[in-house]
$ cat structure-v2.csv   # CSV, C-alpha atoms
chain,number,residue,atom,x,y,z
A,175,MET,CA,-20.5,-10.7,-17.2
A,176,THR,CA,-17.0,-10.7,-15.7
A,177,GLY,CA,-15.7,-14.2,-15.4
A,178,ILE,CA,-12.9,-15.7,-13.4
A,179,ASN,CA,-10.5,-15.1,-16.3
A,180,TYR,CA,-10.7,-11.3,-15.9
A,181,TYR,CA,-9.5,-11.7,-12.3
A,182,ILE,CA,-6.8,-14.1,-13.2
A,183,PHE,CA,-5.6,-11.7,-15.9
A,184,ILE,CA,-5.4,-8.8,-13.4
A,185,SER,CA,-3.7,-11.0,-10.8
A,186,ALA,CA,-1.2,-12.2,-13.4
A,187,LEU,CA,-0.4,-8.6,-14.5
A,188,VAL,CA,0.1,-7.4,-10.9
A,189,PHE,CA,2.3,-10.5,-10.2
A,190,GLY,CA,4.4,-9.8,-13.3
A,191,LEU,CA,4.8,-6.1,-12.4
A,192,GLY,CA,5.7,-7.1,-8.8
A,193,LEU,CA,8.3,-9.6,-10.0
A,194,TYR,CA,9.7,-7.0,-12.4
A,195,THR,CA,9.9,-4.4,-9.5
A,196,LEU,CA,11.6,-7.0,-7.3
A,197,LEU,CA,14.2,-7.9,-9.9
A,198,THR,CA,15.0,-4.3,-10.8
A,199,ALA,CA,14.7,-2.7,-7.3
A,200,LYS,CA,17.7,-0.6,-6.2
A,201,GLU,CA,16.2,0.6,-2.9
A,202,ALA,CA,15.2,-1.5,0.1
A,203,ILE,CA,11.7,0.1,0.4
A,204,ARG,CA,11.0,-0.8,-3.3
A,205,VAL,CA,11.7,-4.4,-2.5
A,206,ILE,CA,9.1,-4.3,0.2
A,207,ILE,CA,6.6,-2.7,-2.2
A,208,ALA,CA,7.3,-5.4,-4.7
A,209,LEU,CA,6.8,-8.2,-2.2
A,210,VAL,CA,3.5,-6.6,-1.2
A,211,MET,CA,2.5,-6.5,-4.9
A,212,LEU,CA,3.3,-10.2,-5.2
A,213,PHE,CA,1.2,-11.1,-2.1
A,214,SER,CA,-1.6,-8.9,-3.4
A,215,ALA,CA,-1.7,-10.7,-6.7
A,216,SER,CA,-1.9,-14.0,-4.9
A,217,LEU,CA,-4.7,-12.5,-2.7
A,218,ILE,CA,-6.8,-11.6,-5.8
A,219,ASN,CA,-6.2,-15.1,-7.3
A,220,ILE,CA,-7.2,-16.9,-4.1
A,221,ALA,CA,-10.3,-14.7,-3.7
A,222,ALA,CA,-11.3,-15.2,-7.3
A,223,PHE,CA,-11.0,-19.0,-7.1
A,224,SER,CA,-12.7,-19.2,-3.8
A,225,GLY,CA,-15.5,-16.9,-4.9
A,226,PHE,CA,-16.2,-18.6,-8.2
A,227,TRP,CA,-15.8,-22.1,-6.8
A,228,GLY,CA,-18.6,-21.9,-4.3
A,229,PHE,CA,-17.3,-19.7,-1.4
A,230,ASN,CA,-16.0,-22.4,0.8
A,231,PRO,CA,-14.3,-21.8,4.2
A,232,GLU,CA,-11.0,-23.1,2.9
A,233,GLY,CA,-10.7,-20.0,0.7
A,234,GLN,CA,-11.2,-17.8,3.7
A,235,LEU,CA,-8.6,-19.7,5.7
A,236,ILE,CA,-6.0,-19.4,2.9
A,237,MET,CA,-6.8,-15.7,2.5
A,238,PHE,CA,-6.2,-15.2,6.2
A,239,ALA,CA,-2.9,-17.1,6.1
A,240,VAL,CA,-1.7,-15.1,3.1
A,241,THR,CA,-2.8,-11.8,4.6
A,242,THR,CA,-1.0,-12.6,7.8
A,243,VAL,CA,2.2,-13.6,6.0
A,244,CYS,CA,2.0,-10.4,3.9
A,245,LEU,CA,1.6,-8.1,6.9
A,246,LEU,CA,4.3,-9.9,8.8
A,247,ASN,CA,6.6,-9.6,5.8
A,248,LEU,CA,5.8,-5.9,5.6
A,249,ALA,CA,6.4,-5.3,9.3
A,250,ALA,CA,9.6,-7.4,9.4
A,251,GLY,CA,10.9,-5.6,6.2
A,252,ILE,CA,10.3,-2.2,7.7
A,253,VAL,CA,11.9,-3.1,11.0
A,254,LEU,CA,15.0,-4.6,9.3
A,255,PHE,CA,15.3,-1.7,7.0
A,256,VAL,CA,15.1,0.9,9.7
A,257,ASN,CA,17.5,-1.0,11.9
A,258,ASN,CA,20.0,-1.5,9.1
A,259,PHE,CA,19.8,2.2,8.3
A,260,LYS,CA,20.6,3.0,11.9
A,261,MET,CA,23.5,0.6,11.9
A,262,TYR,CA,24.9,2.3,8.8
A,263,LYS,CA,24.3,5.7,10.4
A,264,ASN,CA,26.2,4.7,13.6
A,265,ASN,CA,29.0,2.9,11.7
A,266,LEU,CA,28.2,-0.4,13.3
A,267,ILE,CA,28.4,-2.2,10.0
A,268,LYS,CA,30.7,-1.3,7.2
A,269,GLU,CA,29.2,-0.2,3.9
A,270,PRO,CA,29.9,-2.7,1.1
A,271,ASP,CA,32.7,-1.7,-1.3
A,272,PRO,CA,31.5,-0.7,-4.7
A,273,VAL,CA,31.9,-3.3,-7.3
A,274,GLU,CA,34.3,-2.3,-10.1
B,247,MET,CA,-23.4,-1.9,-12.2
B,248,LYS,CA,-21.2,-4.7,-10.9
B,249,GLU,CA,-19.4,-4.9,-14.2
B,250,SER,CA,-18.6,-1.2,-14.4
B,251,LEU,CA,-17.4,-1.3,-10.8
B,252,PHE,CA,-15.1,-4.2,-11.7
B,253,TYR,CA,-13.6,-2.2,-14.6
B,254,ILE,CA,-13.1,0.9,-12.3
B,255,PHE,CA,-11.3,-1.1,-9.6
B,256,ALA,CA,-9.3,-3.1,-12.1
B,257,SER,CA,-8.1,0.0,-13.8
B,258,VAL,CA,-7.2,1.6,-10.4
B,259,THR,CA,-5.2,-1.6,-9.5
B,260,LEU,CA,-3.4,-1.9,-12.8
B,261,LEU,CA,-2.5,1.8,-13.0
B,262,ALA,CA,-1.2,1.8,-9.4
B,263,ALA,CA,0.8,-1.3,-10.1
B,264,PHE,CA,2.3,0.3,-13.2
B,265,PHE,CA,3.2,3.5,-11.3
B,266,ALA,CA,4.6,1.4,-8.4
B,267,ALA,CA,6.8,-0.5,-10.8
B,268,PHE,CA,8.0,2.1,-13.2
B,269,SER,CA,8.1,5.4,-11.3
B,270,GLY,CA,11.6,6.9,-10.8
B,271,GLU,CA,10.9,8.2,-7.3
B,272,VAL,CA,10.4,5.9,-4.3
B,273,LYS,CA,7.8,8.2,-2.8
B,274,THR,CA,5.6,7.9,-5.8
B,275,SER,CA,6.0,4.1,-5.6
B,276,LEU,CA,4.9,4.2,-2.0
B,277,LYS,CA,1.8,6.3,-2.8
B,278,ALA,CA,1.0,4.0,-5.7
B,279,ALA,CA,1.2,1.0,-3.4
B,280,VAL,CA,-1.4,2.5,-1.2
B,281,TYR,CA,-3.7,3.0,-4.2
B,282,LEU,CA,-3.0,-0.6,-5.3
B,283,MET,CA,-4.2,-1.7,-1.9
B,284,SER,CA,-7.5,0.2,-2.3
B,285,GLY,CA,-8.0,-1.2,-5.8
B,286,ILE,CA,-7.5,-4.7,-4.5
B,287,THR,CA,-9.9,-4.0,-1.7
B,288,GLY,CA,-12.6,-3.1,-4.3
B,289,LEU,CA,-11.9,-6.3,-6.2
B,290,LEU,CA,-12.2,-8.3,-2.9
B,291,LEU,CA,-15.6,-6.5,-2.2
B,292,LEU,CA,-16.8,-7.6,-5.6
B,293,LEU,CA,-15.9,-11.2,-4.8
B,294,ASN,CA,-17.9,-11.1,-1.6
B,295,PHE,CA,-14.8,-11.0,0.7
B,296,HIS,CA,-16.2,-8.2,2.7
B,297,LEU,CA,-14.3,-8.8,5.9
B,298,PHE,CA,-10.9,-9.0,4.2
B,299,GLY,CA,-11.9,-6.0,2.2
B,300,LEU,CA,-12.6,-4.1,5.4
B,301,PHE,CA,-9.3,-5.2,7.0
B,302,LEU,CA,-7.4,-4.2,3.9
B,303,ILE,CA,-9.0,-0.8,3.5
B,304,LEU,CA,-8.4,-0.1,7.3
B,305,PHE,CA,-4.8,-1.1,6.8
B,306,SER,CA,-4.4,1.1,3.7
B,307,LEU,CA,-6.0,4.0,5.6
B,308,LEU,CA,-3.6,3.5,8.5
B,309,LEU,CA,-0.7,3.4,6.0
B,310,PHE,CA,-1.8,6.5,4.2
B,311,SER,CA,-2.2,8.4,7.5
B,312,LEU,CA,1.2,7.2,8.7
B,313,VAL,CA,2.8,8.4,5.4
B,314,ILE,CA,1.2,11.8,5.8
B,315,LEU,CA,1.8,12.2,9.5
B,316,LEU,CA,5.4,10.9,9.5
B,317,LYS,CA,6.4,12.5,6.3
B,318,GLU,CA,9.6,14.1,7.6
B,319,ARG,CA,10.6,11.0,9.5
B,320,ILE,CA,10.1,8.7,6.5
B,321,SER,CA,12.0,11.0,4.2
B,322,VAL,CA,15.1,10.3,6.3
B,323,TYR,CA,15.0,6.7,5.3
B,324,LEU,CA,14.3,7.3,1.6
B,325,HIS,CA,17.3,7.5,-0.7
B,326,ASP,CA,16.5,8.6,-4.2
B,327,THR,CA,19.2,7.3,-6.4
B,328,GLY,CA,17.5,8.8,-9.4
B,329,ALA,CA,18.1,5.6,-11.3
B,330,VAL,CA,15.5,4.8,-13.9
B,331,ALA,CA,14.8,1.1,-14.5
B,332,LYS,CA,15.1,-0.2,-18.0
B,333,VAL,CA,11.7,-1.4,-19.2
B,334,ASN,CA,11.6,-4.7,-21.0
B,335,PHE,CA,8.0,-5.3,-21.9
B,336,VAL,CA,8.6,-8.7,-23.6
B,337,SER,CA,9.9,-10.3,-20.4
B,338,LEU,CA,7.1,-8.7,-18.4
B,339,LEU,CA,4.5,-10.0,-20.8
B,340,LEU,CA,6.1,-13.5,-20.8
B,341,ILE,CA,6.2,-13.6,-16.9
B,342,SER,CA,2.5,-12.5,-16.8
B,343,LEU,CA,1.5,-15.1,-19.4
B,344,ILE,CA,3.3,-17.9,-17.5
B,345,SER,CA,1.8,-16.9,-14.2
B,346,ALA,CA,-1.7,-16.7,-15.8
B,347,ILE,CA,-1.3,-20.2,-17.2
B,348,LEU,CA,0.0,-21.6,-13.9
B,349,ALA,CA,-2.8,-19.8,-12.0
B,350,GLY,CA,-5.5,-21.0,-14.4
B,351,LEU,CA,-4.4,-24.7,-14.5
B,352,PRO,CA,-6.1,-25.8,-11.2
B,353,GLY,CA,-9.4,-24.2,-12.2
B,354,ALA,CA,-9.4,-25.4,-15.8
B,355,ALA,CA,-10.7,-28.8,-14.8
B,356,LYS,CA,-13.9,-27.5,-13.3
B,357,TRP,CA,-14.3,-24.4,-15.4
B,358,PRO,CA,-18.0,-24.8,-16.4
B,359,GLN,CA,-19.1,-25.2,-12.7
B,360,PHE,CA,-17.9,-21.7,-11.8
B,361,ASP,CA,-20.6,-19.5,-10.5
B,362,ILE,CA,-20.6,-16.8,-7.8
B,363,MET,CA,-22.5,-17.8,-4.7
B,364,PHE,CA,-23.9,-14.8,-3.0
B,365,GLY,CA,-23.9,-16.6,0.3
B,366,PRO,CA,-24.0,-14.8,3.7
B,367,ASN,CA,-20.7,-13.4,4.7
B,368,SER,CA,-22.2,-10.8,6.9
B,369,ILE,CA,-20.7,-8.7,9.7
B,370,GLY,CA,-22.4,-10.9,12.3
B,371,LEU,CA,-19.9,-13.7,11.4
B,372,ILE,CA,-17.2,-11.6,13.0
B,373,PHE,CA,-18.3,-12.9,16.4
B,374,THR,CA,-18.7,-16.6,15.3
B,375,LYS,CA,-16.7,-17.8,12.4
B,376,TYR,CA,-13.9,-15.2,12.2
B,377,PHE,CA,-13.2,-14.9,16.0
B,378,ALA,CA,-9.9,-16.7,15.7
B,379,ALA,CA,-8.9,-14.6,12.7
B,380,ILE,CA,-9.7,-11.4,14.7
B,381,LEU,CA,-7.6,-12.6,17.6
B,382,GLY,CA,-4.7,-13.4,15.3
B,383,ILE,CA,-4.9,-10.0,13.6
B,384,GLY,CA,-5.1,-8.3,17.0
B,385,LEU,CA,-1.9,-10.1,18.0
B,386,LEU,CA,-0.2,-9.1,14.8
B,387,VAL,CA,-1.3,-5.5,15.2
B,388,SER,CA,0.1,-5.4,18.7
B,389,VAL,CA,3.4,-6.8,17.5
B,390,ILE,CA,3.6,-4.1,14.8
B,391,ILE,CA,2.7,-1.3,17.2
B,392,SER,CA,5.2,-2.5,19.8
B,393,ALA,CA,7.9,-2.8,17.2
B,394,GLY,CA,7.1,0.7,15.9
B,395,TYR,CA,7.1,2.0,19.5
B,396,ASN,CA,10.5,0.5,20.2
B,397,ILE,CA,12.0,2.0,17.0
B,398,LEU,CA,10.6,5.5,17.9
B,399,LYS,CA,11.8,5.1,21.5
B,400,ASN,CA,15.3,4.2,20.4
B,401,GLU,CA,15.4,7.1,18.0
B,402,ALA,CA,14.3,9.5,20.7
B,403,ALA,CA,17.1,8.1,23.0
B,404,GLU,CA,19.8,8.7,20.4

$ encode --input "structure-v2.csv" --output "structure tokens"
Amino acid sequence: MTGINYYIFISALVFGLGLYTLLTAKEAIRVIIALVMLFSASLINIAAFSGFWGFNPEGQLIMFAVTTVCLLNLAAGIVLFVNNFKMYKNNLIKEPDPVE
Amino acid sequence: MKESLFYIFASVTLLAAFFAAFSGEVKTSLKAAVYLMSGITGLLLLLNFHLFGLFLILFSLLLFSLVILLKERISVYLHDTGAVAKVNFVSLLLISLISAILAGLPGAAKWPQFDIMFGPNSIGLIFTKYFAAILGIGLLVSVIISAGYNILKNEAAE
């Protein structure tokens, strides 16, 4: 029988991998992927605690809030990324000087 | 049956997370992220979060179709630097351990009382309990679609 500790273990691993990706990311789109991984880990955790603790509506509400924030983050990240790319393309903002 | 399903979904989730974290190409990371979403959807289904599982799988399907349909357009925005990240498994293990302990702390007090309740979370609840959630998600989807439409329109104008 799979207990809550299995879900916590998976969530912790996904969170760790997401944090690692976030810290070592060199591309903007990878940062967005890492943030989605972090939010997904928290989703598994909340679902596990809510499911094992008696399936109360608070868990559903928190899940809804986290999902909304995750999707908004994703959308905002993509929009910012695409807009920044366009500004670079049109020379509206200067590219940063390489650090020596 | 439920246990074997759990192991399948868990392995899909973890493999996808590893690929998303350690793959050299961004495109592989993007695909792995979609697989990660589907694995998490399976785990949510096992935990009786059917509605959220449904939303998540619909979202991942949408993402997958967008990646396939807008392949050429997306490839404009992807810059492969070819850089391979250095792997430090000790720090990764430590971070996972600390987050596991932090996540387990609130539940540790009532650990013996944990038991899955297979209560009703049926599709009929969409029209009663989750109506506000549906409205919120509809609003969010409309914002995303209008933002995407604006981006595409601006691109077409250039």

$ atom_distance --input "structure-v2.csv" --atom1 "atom CA of B:Ile391" --atom2 "atom CA of B:Phe305"
12.8 Å

$ closest_atom_pairs --input "structure-v2.csv" --of "chain A" --to "chain B" --cutoff "8 Å" --atoms "all atoms listed in the file" --output "CSV"
residue,atom,partner,partner_atom,distance
A:Met175,CA,B:Glu249,CA,6.6
A:Thr176,CA,B:Glu249,CA,6.5
A:Ile178,CA,B:Phe360,CA,8.0
A:Asn179,CA,B:Gly350,CA,8.0
A:Ile182,CA,B:Ala346,CA,6.3
A:Phe183,CA,B:Ala346,CA,6.3
A:Ile184,CA,B:Ala256,CA,7.0
A:Ser185,CA,B:Ala346,CA,7.8
A:Ala186,CA,B:Ser342,CA,5.0
A:Leu187,CA,B:Ser342,CA,5.4
A:Val188,CA,B:Ala263,CA,6.2
A:Phe189,CA,B:Ser342,CA,6.9
A:Gly190,CA,B:Ser342,CA,4.8
A:Leu191,CA,B:Ala267,CA,6.2
A:Gly192,CA,B:Ala267,CA,7.0
A:Tyr194,CA,B:Leu338,CA,6.8
A:Thr195,CA,B:Ala267,CA,5.1
A:Thr198,CA,B:Ala331,CA,6.5
A:Glu201,CA,B:His325,CA,7.3
A:Ile203,CA,B:Val272,CA,7.6
A:Arg204,CA,B:Val272,CA,6.8
A:Ile207,CA,B:Ala279,CA,6.7
A:Ala208,CA,B:Ala267,CA,7.8
A:Met211,CA,B:Ala263,CA,7.5
A:Ser214,CA,B:Ile286,CA,7.3
A:Ile218,CA,B:Leu290,CA,7.0
A:Asn219,CA,B:Ala349,CA,7.5
A:Ala221,CA,B:Leu293,CA,6.7
A:Ala222,CA,B:Leu293,CA,6.6
A:Phe223,CA,B:Gly353,CA,7.5
A:Gly225,CA,B:Leu293,CA,5.7
A:Phe226,CA,B:Ile362,CA,4.8
A:Trp227,CA,B:Phe360,CA,5.4
A:Gly228,CA,B:Met363,CA,5.7
A:Phe229,CA,B:Met363,CA,6.4
A:Phe238,CA,B:Ala379,CA,7.1
A:Thr242,CA,B:Ile383,CA,7.5
A:Leu246,CA,B:Leu386,CA,7.5
A:Ala249,CA,B:Ile390,CA,6.3
A:Val253,CA,B:Ala393,CA,7.4
A:Val256,CA,B:Tyr323,CA,7.3
A:Phe259,CA,B:Tyr323,CA,7.2

$ atom_distance --input "structure-v2.csv" --atom1 "atom CA of A:Lys200" --atom2 "atom CA of B:Ser269"
12.4 Å

$ atom_distance --input "structure-v2.csv" --atom1 "atom CA of B:Lys277" --atom2 "atom CA of B:Leu385"
26.7 Å

$ closest_residue --input "structure-v2.csv" --among "A:Leu245, A:Gln234, A:Ser224, A:Tyr181" --to "A:Leu209" --atoms "all atoms listed in the file"
A:Leu245
